[in-house]
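Enquirer: Pasting a structure below so you can have a look.
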Amino acid sequence: MRQGIGTLSEKTVHAVMKNYYAPDTDMHEIPIENFVADIYTGQEIIEIQTRAFNKMRRKLDAFLPLYPVTIVYPIPHIKWLSWINEETGETSPKRKSPKTGNPYMAFIELYKIRPYLSNPNLHLKLALLDMEEYRLLNGWSRDKKKGSERYDRIPVKFAEEVCIDRREDYMQFVPYDLPEQFTAKDFAKHAKIPVRLAQTVLLILTDLEIVVRVGKQGKSYLYEVNE
């Protein structure tokens, strides 16, 4: 299917996901309400969005009153990195990244569409993918890696799919062993994520009334799960 890295008109992750969720290509790239839907099944719209959720707002304004809309967000799970020398075309041996992706990473993008998350017509699929990433050695640092440009990502395995179809599904992001009252720091510790990301998660969970603020502990907000 592929004629080499980067030859597809759209990036590989987007193309692979589109074919995974709709093998029938007649459902691809369908004009609806002055926009083009990635997938239209006749009953629902599926959008593959690899980043920049803020750019989806106008589409969501047009699509959500008419159809159920599912946003598929691919998240790198286990990643192997290779570097491409632009001058020679040589590709380095792949090395495994020490970081492992998780579903909480989606909240950075979900923050950009916060007002839409409570819409009953909006659904989410967080697709955790093992993938190979290729980057160009064109950065500003001495080894040309810092500030480098990502060339392409190629999925090699579907690790997990996390589905959010209704407000209550956000409960799966609340660690079961949290104390009754907790801070963002407590949440971060139990969810095994950075505190800054925990703050973003809690902001969205508060919007959705999954958790509620019940006071402060020093300068930190105290939260409880909204039973």
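Starting from 1 in every chain, residues are counted up; chains themselves are A, B, ... following the order of the structure tokens, and ligands are numbered from 1 as listed.
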With only C-alpha atoms as the counted atoms, please give the residues lying no more than 7 Å from range 79-87 of chain A, apart from itself and same-chain residues fewer than 3 positions off, as a PyMOL selection string.

Expert: chain A and resi 76+90-97+130-137

Enquirer: Write to file, as a PDB file, in the first residue's frame, the residues of the selection just made, with C-alpha atoms.

Expert:
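This is the output file result.pdb:
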ATOM      1  CA  PRO A  76       1.753   6.878  20.585  1.00  0.00           C
ATOM      2  CA  GLU A  90      20.454   7.566   5.393  1.00  0.00           C
ATOM      3  CA  THR A  91      18.159   6.368   8.201  1.00  0.00           C
ATOM      4  CA  SER A  92      19.570   5.544  11.626  1.00  0.00           C
ATOM      5  CA  PRO A  93      18.771   2.239  13.399  1.00  0.00           C
ATOM      6  CA  LYS A  94      15.555   2.588  15.405  1.00  0.00           C
ATOM      7  CA  ARG A  95      15.720   3.094  19.158  1.00  0.00           C
ATOM      8  CA  LYS A  96      12.910   2.562  21.637  1.00  0.00           C
ATOM      9  CA  SER A  97      11.686   5.673  23.428  1.00  0.00           C
ATOM     10  CA  ASP A 130       2.761   1.233  18.967  1.00  0.00           C
ATOM     11  CA  MET A 131       4.506   3.101  16.185  1.00  0.00           C
ATOM     12  CA  GLU A 132       7.748   3.877  14.418  1.00  0.00           C
ATOM     13  CA  GLU A 133       8.553   7.575  14.190  1.00  0.00           C
ATOM     14  CA  TYR A 134      10.888   9.113  11.634  1.00  0.00           C
ATOM     15  CA  ARG A 135      12.400  12.553  12.233  1.00  0.00           C
ATOM     16  CA  LEU A 136      14.615  14.725  10.043  1.00  0.00           C
ATOM     17  CA  LEU A 137      18.026  15.744  11.368  1.00  0.00           C
TER      18      LEU A 137
END

Enquirer: Got a sec: who's within 12 Å of Lys112 in chain A, counting only C-alpha atoms, leaving out chain neighbours fewer than 5 positions off, as a ChimeraX atom specification?

Expert: /A:51-57,106-107,117,200,203-204

Enquirer: Going by DSSP on the backbone, which bits of range 2-227 of chain A are strand (DSSP E or B)? Write them as an NGL selection string, please.

Expert: :A and (28-32 or 35-40 or 45-48 or 69-84 or 91 or 95-96 or 122-136 or 149-164 or 182 or 211-217 or 220-225)

Enquirer: Extract the full set of helix (DSSP H, G or I) residues from range 80-120 of chain A according to DSSP on the backbone, and format it as number ranges by chain.

Expert: A: 103-116

Enquirer: Since we have the selection now, will you write its residues out, keeping C-alpha atoms, as a PDB file, in the first residue's frame?

Expert:
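Okay, result-v4.pdb is ready:
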ATOM      1  CA  PRO A 103      -4.957   7.833  27.566  1.00  0.00           C
ATOM      2  CA  TYR A 104      -4.488  10.852  29.859  1.00  0.00           C
ATOM      3  CA  MET A 105      -2.376  12.459  27.113  1.00  0.00           C
ATOM      4  CA  ALA A 106      -5.605  13.093  25.180  1.00  0.00           C
ATOM      5  CA  PHE A 107      -6.722  15.685  27.734  1.00  0.00           C
ATOM      6  CA  ILE A 108      -4.226  18.223  26.398  1.00  0.00           C
ATOM      7  CA  GLU A 109      -6.218  18.196  23.146  1.00  0.00           C
ATOM      8  CA  LEU A 110      -9.632  17.746  24.791  1.00  0.00           C
ATOM      9  CA  TYR A 111      -9.027  21.001  26.667  1.00  0.00           C
ATOM     10  CA  LYS A 112      -9.225  22.792  23.301  1.00  0.00           C
ATOM     11  CA  ILE A 113     -12.819  21.583  22.744  1.00  0.00           C
ATOM     12  CA  ARG A 114     -14.054  21.751  26.346  1.00  0.00           C
ATOM     13  CA  PRO A 115     -17.460  23.308  25.501  1.00  0.00           C
ATOM     14  CA  TYR A 116     -18.291  20.361  23.218  1.00  0.00           C
TER      15      TYR A 116
END

Enquirer: Would you list the contacts of Leu122 in chain A as JSON, numbers by chain, taking every protein, DNA or RNA residue within 12 Å and counting only C-alpha atoms, but skipping same-chain residues closer than 5 positions in sequence?

Expert: {"A": [44, 45, 46, 47, 60, 61, 63, 64, 65, 66, 67, 68, 69, 70, 71, 72, 110, 113, 114, 115, 116, 117, 163, 164, 165, 166, 167]}

Enquirer: What separation in Å, quoted to one decimal, exists between CA of Gly139 in chain A and CA of Leu197 in chain A?

Expert: 26.6 Å

Enquirer: Quick one: pull the distance between CA of Asp177 in chain A and CA of Lys189 in chain A, Å, one decimal.

Expert: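 Distance reported for this atom pair: 10.6 Å.
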
Enquirer: State, in Å with one decimal place, the distance from CA of Met171 in chain A to CA of Ile210 in chain A.

Expert: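 Rounded to one decimal, the two atoms are 6.7 Å apart.
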